[in-house]
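Let me begin by presenting the structure, written as structure tokens, before commenting on it.
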Amino acid sequence: MTTTKRGRPRGFDRDTALAQATSLFWQHGFEGTSIADLTSAMGISPPSLYAAFGDKRTLFHEVVERYGGTFGAFMDKALTEESDPRRGFARMLDEAALAYTDPSHPAGCLVITAATNYSQQTADVERDLRERRRANVRSFETRLEDARSRGSLGQDTDTRALAVYFAAVVQGMSQQARDGATAQELRRVAELAMTVWPSSDAS
């Protein structure tokens, strides 16, 4: 195969290759995806992969960043676009039910499932994903605290517990989707989850 000076095959489409890598990591996780798996799916040689993306960890980091800005963007979008915080969280959960069961890509959430199994050699990968999940909890808590300060939640609302609760629901929905739950089932879960929303002081 004719290659460029950097080792990439002619006609190499970086975005397409990155999408293929995303699908593999999403389906099999970081540990379960080998360089051979990646090069086979991406249609490139190992030198081409290293030239374009660096090592496996660097590629995975780019995949996670790409996921957050594409498939995973619905969460922040829902919470930001809805002026009413309750509608924002309800929309986020409903869209999670649809996104996690979308047949056009692997089920569930890549950030939740991609490092379920890890070794000492890849503990840094697991830590990075764990921190991203924790960042989501902090984001939820900040939004809930803002809602409380504006009177949309009662002043005695435990915003930290509520933020962890919503994160637990999202993570559980992801796993249920991986186990074969349907969009309809998860949308019902989303509806039930919202029944715990505390009343505001004005109610």
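If you're wondering about the labels, chains in the structure tokens are A, B, ... by order shown, residues count from 1 in each chain, ligands from 1 in order shown.
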**Request:** Would you kindly return, as a list of chain:residue names, each protein, DNA or RNA residue with an atom no farther than 12 Å from any atom of Gly32 in chain A, considering only C-alpha atoms and excluding same-chain residues fewer than 3 positions away?
**Result:**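 Surrounding residues, per the criterion: A:Leu24, A:Phe25, A:Trp26, A:Gln27, A:His28, A:Gly29, A:Ile35, A:Ala36, A:Asp37, A:Leu38, A:Lys56, A:Thr113, A:Ala114, A:Ala115, A:Thr116, A:Asn117, A:Tyr118, A:Ser119, A:Thr122.
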**Message:** Would you pick out the contacts of Leu186 in chain A at 6 Å or less, using only C-alpha atoms, so that residues sharing its chain but fewer than 3 positions from it are not included, and give the list as a list in words?
**Reply:**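 Answer for this query is Ala97, Ala183 and Val189 of chain A.
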**Message:** If we count only C-alpha atoms and set the cut-off at 12 Å, which residues sit around Gln20 in chain A, ignoring sequence neighbours fewer than 6 positions away in its own chain? Please answer as a PyMOL selection string.
**Reply:** chain A and resi 13-14+26-27+33+37-44+59-60+63+66+105-106
Writer output for current selection, N, CA, C and O atoms, as a PDB file, in the first residue's frame:
ATOM      1  N   ASP A  13      -9.192   8.882   5.883  1.00  0.00           N
ATOM      2  CA  ASP A  13     -10.177   9.835   6.392  1.00  0.00           C
ATOM      3  C   ASP A  13     -10.139   9.748   7.915  1.00  0.00           C
ATOM      4  O   ASP A  13     -10.622   8.786   8.508  1.00  0.00           O
ATOM      5  N   ARG A  14      -9.569  10.759   8.547  1.00  0.00           N
ATOM      6  CA  ARG A  14      -9.353  10.718   9.988  1.00  0.00           C
ATOM      7  C   ARG A  14     -10.665  10.644  10.767  1.00  0.00           C
ATOM      8  O   ARG A  14     -10.780   9.911  11.751  1.00  0.00           O
ATOM      9  N   TRP A  26     -16.624   1.766  22.512  1.00  0.00           N
ATOM     10  CA  TRP A  26     -17.966   1.833  23.090  1.00  0.00           C
ATOM     11  C   TRP A  26     -18.517   0.429  23.322  1.00  0.00           C
ATOM     12  O   TRP A  26     -19.109   0.134  24.354  1.00  0.00           O
ATOM     13  N   GLN A  27     -18.297  -0.431  22.365  1.00  0.00           N
ATOM     14  CA  GLN A  27     -18.855  -1.789  22.451  1.00  0.00           C
ATOM     15  C   GLN A  27     -18.042  -2.700  23.354  1.00  0.00           C
ATOM     16  O   GLN A  27     -18.602  -3.487  24.132  1.00  0.00           O
ATOM     17  N   THR A  33     -10.495  -3.837  23.679  1.00  0.00           N
ATOM     18  CA  THR A  33     -10.193  -3.423  22.305  1.00  0.00           C
ATOM     19  C   THR A  33      -8.684  -3.410  22.106  1.00  0.00           C
ATOM     20  O   THR A  33      -7.962  -2.700  22.804  1.00  0.00           O
ATOM     21  N   ASP A  37      -7.594  -4.981  16.686  1.00  0.00           N
ATOM     22  CA  ASP A  37      -9.009  -4.696  16.441  1.00  0.00           C
ATOM     23  C   ASP A  37      -9.169  -3.324  15.797  1.00  0.00           C
ATOM     24  O   ASP A  37      -9.941  -3.145  14.842  1.00  0.00           O
ATOM     25  N   LEU A  38      -8.457  -2.359  16.328  1.00  0.00           N
ATOM     26  CA  LEU A  38      -8.569  -0.978  15.844  1.00  0.00           C
ATOM     27  C   LEU A  38      -8.088  -0.845  14.406  1.00  0.00           C
ATOM     28  O   LEU A  38      -8.776  -0.261  13.561  1.00  0.00           O
ATOM     29  N   THR A  39      -6.921  -1.390  14.123  1.00  0.00           N
ATOM     30  CA  THR A  39      -6.381  -1.245  12.771  1.00  0.00           C
ATOM     31  C   THR A  39      -7.231  -1.982  11.750  1.00  0.00           C
ATOM     32  O   THR A  39      -7.405  -1.519  10.622  1.00  0.00           O
ATOM     33  N   SER A  40      -7.806  -3.116  12.156  1.00  0.00           N
ATOM     34  CA  SER A  40      -8.672  -3.864  11.245  1.00  0.00           C
ATOM     35  C   SER A  40      -9.933  -3.073  10.927  1.00  0.00           C
ATOM     36  O   SER A  40     -10.326  -2.937   9.762  1.00  0.00           O
ATOM     37  N   ALA A  41     -10.570  -2.529  11.965  1.00  0.00           N
ATOM     38  CA  ALA A  41     -11.811  -1.775  11.753  1.00  0.00           C
ATOM     39  C   ALA A  41     -11.561  -0.463  11.025  1.00  0.00           C
ATOM     40  O   ALA A  41     -12.384  -0.029  10.213  1.00  0.00           O
ATOM     41  N   MET A  42     -10.433   0.160  11.299  1.00  0.00           N
ATOM     42  CA  MET A  42     -10.126   1.458  10.710  1.00  0.00           C
ATOM     43  C   MET A  42      -9.492   1.333   9.327  1.00  0.00           C
ATOM     44  O   MET A  42      -9.362   2.319   8.605  1.00  0.00           O
ATOM     45  N   GLY A  43      -9.076   0.118   8.973  1.00  0.00           N
ATOM     46  CA  GLY A  43      -8.481  -0.104   7.664  1.00  0.00           C
ATOM     47  C   GLY A  43      -7.116   0.528   7.493  1.00  0.00           C
ATOM     48  O   GLY A  43      -6.757   0.964   6.395  1.00  0.00           O
ATOM     49  N   ILE A  44      -6.343   0.574   8.576  1.00  0.00           N
ATOM     50  CA  ILE A  44      -5.009   1.172   8.522  1.00  0.00           C
ATOM     51  C   ILE A  44      -4.016   0.260   9.226  1.00  0.00           C
ATOM     52  O   ILE A  44      -4.404  -0.645   9.971  1.00  0.00           O
ATOM     53  N   LEU A  59      -5.508   7.776  21.633  1.00  0.00           N
ATOM     54  CA  LEU A  59      -6.664   7.588  20.755  1.00  0.00           C
ATOM     55  C   LEU A  59      -7.940   7.498  21.587  1.00  0.00           C
ATOM     56  O   LEU A  59      -8.957   8.121  21.248  1.00  0.00           O
ATOM     57  N   PHE A  60      -7.897   6.736  22.669  1.00  0.00           N
ATOM     58  CA  PHE A  60      -9.083   6.587  23.510  1.00  0.00           C
ATOM     59  C   PHE A  60      -9.504   7.932  24.094  1.00  0.00           C
ATOM     60  O   PHE A  60     -10.699   8.246  24.153  1.00  0.00           O
ATOM     61  N   VAL A  63     -11.300   9.764  21.513  1.00  0.00           N
ATOM     62  CA  VAL A  63     -12.620   9.159  21.332  1.00  0.00           C
ATOM     63  C   VAL A  63     -13.588   9.660  22.403  1.00  0.00           C
ATOM     64  O   VAL A  63     -14.739  10.022  22.108  1.00  0.00           O
ATOM     65  N   ARG A  66     -14.559  13.197  21.749  1.00  0.00           N
ATOM     66  CA  ARG A  66     -15.493  13.232  20.614  1.00  0.00           C
ATOM     67  C   ARG A  66     -16.877  12.784  21.063  1.00  0.00           C
ATOM     68  O   ARG A  66     -17.885  13.392  20.686  1.00  0.00           O
ATOM     69  N   HIS A 105     -25.915   2.688  17.026  1.00  0.00           N
ATOM     70  CA  HIS A 105     -24.613   2.619  17.693  1.00  0.00           C
ATOM     71  C   HIS A 105     -24.718   1.689  18.886  1.00  0.00           C
ATOM     72  O   HIS A 105     -25.831   1.273  19.263  1.00  0.00           O
ATOM     73  N   PRO A 106     -23.598   1.321  19.517  1.00  0.00           N
ATOM     74  CA  PRO A 106     -23.652   0.435  20.677  1.00  0.00           C
ATOM     75  C   PRO A 106     -24.549   0.988  21.784  1.00  0.00           C
ATOM     76  O   PRO A 106     -24.702   2.210  21.921  1.00  0.00           O
TER      77      PRO A 106
END
**Request:** Name the residues of range 11-88 of chain A that fall into helix (DSSP H, G or I) according to DSSP on the backbone, using the chain letters and numbers of this document, as JSON, numbers by chain.
**Result:** {"A": [14, 15, 16, 17, 18, 19, 20, 21, 22, 23, 24, 25, 26, 27, 28, 35, 36, 37, 38, 39, 40, 41, 42, 46, 47, 48, 49, 50, 51, 52, 53, 56, 57, 58, 59, 60, 61, 62, 63, 64, 65, 66, 67, 68, 69, 71, 72, 73, 74, 75, 76, 77, 78, 79, 80, 81, 85, 86, 87, 88]}
**Request:** Using only C-alpha atoms, pick whichever of A:Ser149, A:Gln171, A:Ser199, A:Thr142 has the shortest atom-to-atom distance to Ala96 in chain A.
**Result:** A:Gln171
**Request:** Tell me which protein, DNA and RNA residues are within 12 Å of Ser139 in chain A, counting only C-alpha atoms, leaving out same-chain ones fewer than 3 positions away, and put them as a ChimeraX atom specification.
**Result:** /A:75-76,79-80,89,132-136,142-146,159-160,162-164,166-167
Requested write-out: C-alpha atoms of the selected residues, as a CSV table (one decimal), in the first residue's frame:
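Output saved as again.csv:
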chain,number,residue,atom,x,y,z
A,75,MET,CA,-27.3,15.8,28.7
A,76,ASP,CA,-25.9,19.3,29.0
A,79,LEU,CA,-30.2,21.1,31.1
A,80,THR,CA,-29.1,24.3,29.5
A,89,PHE,CA,-33.8,17.0,34.2
A,132,ARG,CA,-15.8,12.6,34.1
A,133,ARG,CA,-18.7,10.9,35.8
A,134,ARG,CA,-18.0,12.8,39.0
A,135,ALA,CA,-17.9,16.0,37.0
A,136,ASN,CA,-21.5,15.2,35.8
A,142,THR,CA,-24.6,23.2,40.7
A,143,ARG,CA,-27.8,23.3,38.6
A,144,LEU,CA,-29.9,22.0,41.5
A,145,GLU,CA,-28.4,24.6,43.8
A,146,ASP,CA,-29.2,27.3,41.4
A,159,THR,CA,-29.1,19.0,46.3
A,160,ARG,CA,-26.1,16.7,46.7
A,162,LEU,CA,-30.5,14.6,44.4
A,163,ALA,CA,-27.6,15.1,42.1
A,164,VAL,CA,-26.2,11.7,43.0
A,166,PHE,CA,-29.9,11.5,39.0
A,167,ALA,CA,-26.4,10.3,38.2
**Message:** Rounded to one decimal, what separation in Å do you get between CA of Asp156 in chain A and CA of Thr195 in chain A?
**Reply:**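 The value is 17.4 Å.
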**Asked** Which distance in Å separates CA of Val137 in chain A and CA of Gln184 in chain A, to one decimal?
**Response**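 Straight-line distance from CA of Val137 in chain A to CA of Gln184 in chain A works out to 25.4 Å.
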**Item:** Gap from CA of Ile112 in chain A to CA of Ser45 in chain A - Å, one decimal
**Value:**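 Going from CA of Ile112 in chain A over to CA of Ser45 in chain A, I get 29.3 Å.
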**Polymer residues at most 12 Å from Gly88 in chain A, only C-alpha atoms, same-chain spacing of 2 or more positions, as a ChimeraX atom specification** = /A:74-86,90-95,140,143-144,147,166,194,197
Go through range 21-133 of chain A residue by residue and, counting only C-alpha atoms, keep those with an atom at most 7 Å from range 172-181 of chain A; for each kept residue give the shortest atom pair and its distance in Å to one decimal, ordered by chain and increasing number, as JSON lines.
{"residue": "A:Ala97", "atom": "CA", "partner": "A:Met173", "partner_atom": "CA", "distance": 6.9}
{"residue": "A:Tyr100", "atom": "CA", "partner": "A:Ala177", "partner_atom": "CA", "distance": 5.9}
{"residue": "A:Thr101", "atom": "CA", "partner": "A:Ala177", "partner_atom": "CA", "distance": 5.8}
{"residue": "A:Ala107", "atom": "CA", "partner": "A:Arg178", "partner_atom": "CA", "distance": 5.2}
{"residue": "A:Gly108", "atom": "CA", "partner": "A:Ser174", "partner_atom": "CA", "distance": 4.1}
{"residue": "A:Cys109", "atom": "CA", "partner": "A:Ser174", "partner_atom": "CA", "distance": 5.7}
File dump, residues just selected, all heavy atoms, as a short mmCIF file (atom, residue, chain, number, x, y, z; two decimals), in the first residue's frame:
data_model
loop_
_atom_site.label_atom_id
_atom_site.label_comp_id
_atom_site.auth_asym_id
_atom_site.auth_seq_id
_atom_site.Cartn_x
_atom_site.Cartn_y
_atom_site.Cartn_z
N ALA A 97 -32.91 7.72 27.60
CA ALA A 97 -33.60 6.48 27.24
C ALA A 97 -33.53 6.22 25.74
O ALA A 97 -33.34 5.09 25.30
CB ALA A 97 -35.06 6.56 27.69
N TYR A 100 -29.50 5.81 24.62
CA TYR A 100 -28.85 4.58 25.06
C TYR A 100 -29.38 3.34 24.35
O TYR A 100 -28.74 2.28 24.41
CB TYR A 100 -28.99 4.41 26.57
CG TYR A 100 -28.25 5.46 27.37
CD1 TYR A 100 -28.52 5.63 28.73
CD2 TYR A 100 -27.29 6.27 26.79
CE1 TYR A 100 -27.83 6.58 29.48
CE2 TYR A 100 -26.60 7.23 27.53
CZ TYR A 100 -26.89 7.39 28.88
OH TYR A 100 -26.22 8.33 29.61
N THR A 101 -30.53 3.45 23.72
CA THR A 101 -31.10 2.30 23.01
C THR A 101 -31.12 2.50 21.49
O THR A 101 -31.68 1.68 20.77
CB THR A 101 -32.54 2.05 23.48
OG1 THR A 101 -33.32 3.24 23.31
CG2 THR A 101 -32.57 1.65 24.96
N ALA A 107 -25.12 0.11 22.56
CA ALA A 107 -26.05 0.52 23.62
C ALA A 107 -25.31 1.14 24.79
O ALA A 107 -24.12 0.90 25.02
CB ALA A 107 -26.85 -0.69 24.09
N GLY A 108 -26.05 1.95 25.54
CA GLY A 108 -25.51 2.52 26.76
C GLY A 108 -24.63 3.74 26.51
O GLY A 108 -24.63 4.32 25.43
N CYS A 109 -23.89 4.10 27.55
CA CYS A 109 -23.01 5.28 27.52
C CYS A 109 -21.55 4.84 27.55
O CYS A 109 -21.14 4.10 28.45
CB CYS A 109 -23.32 6.16 28.72
SG CYS A 109 -22.16 7.52 28.99
#
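Distances from A:Arg57, A:Ala193, A:Gly68, A:Arg188 to Gln121 in chain A were compared using only C-alpha atoms, and the smallest one belongs to A:Arg57.
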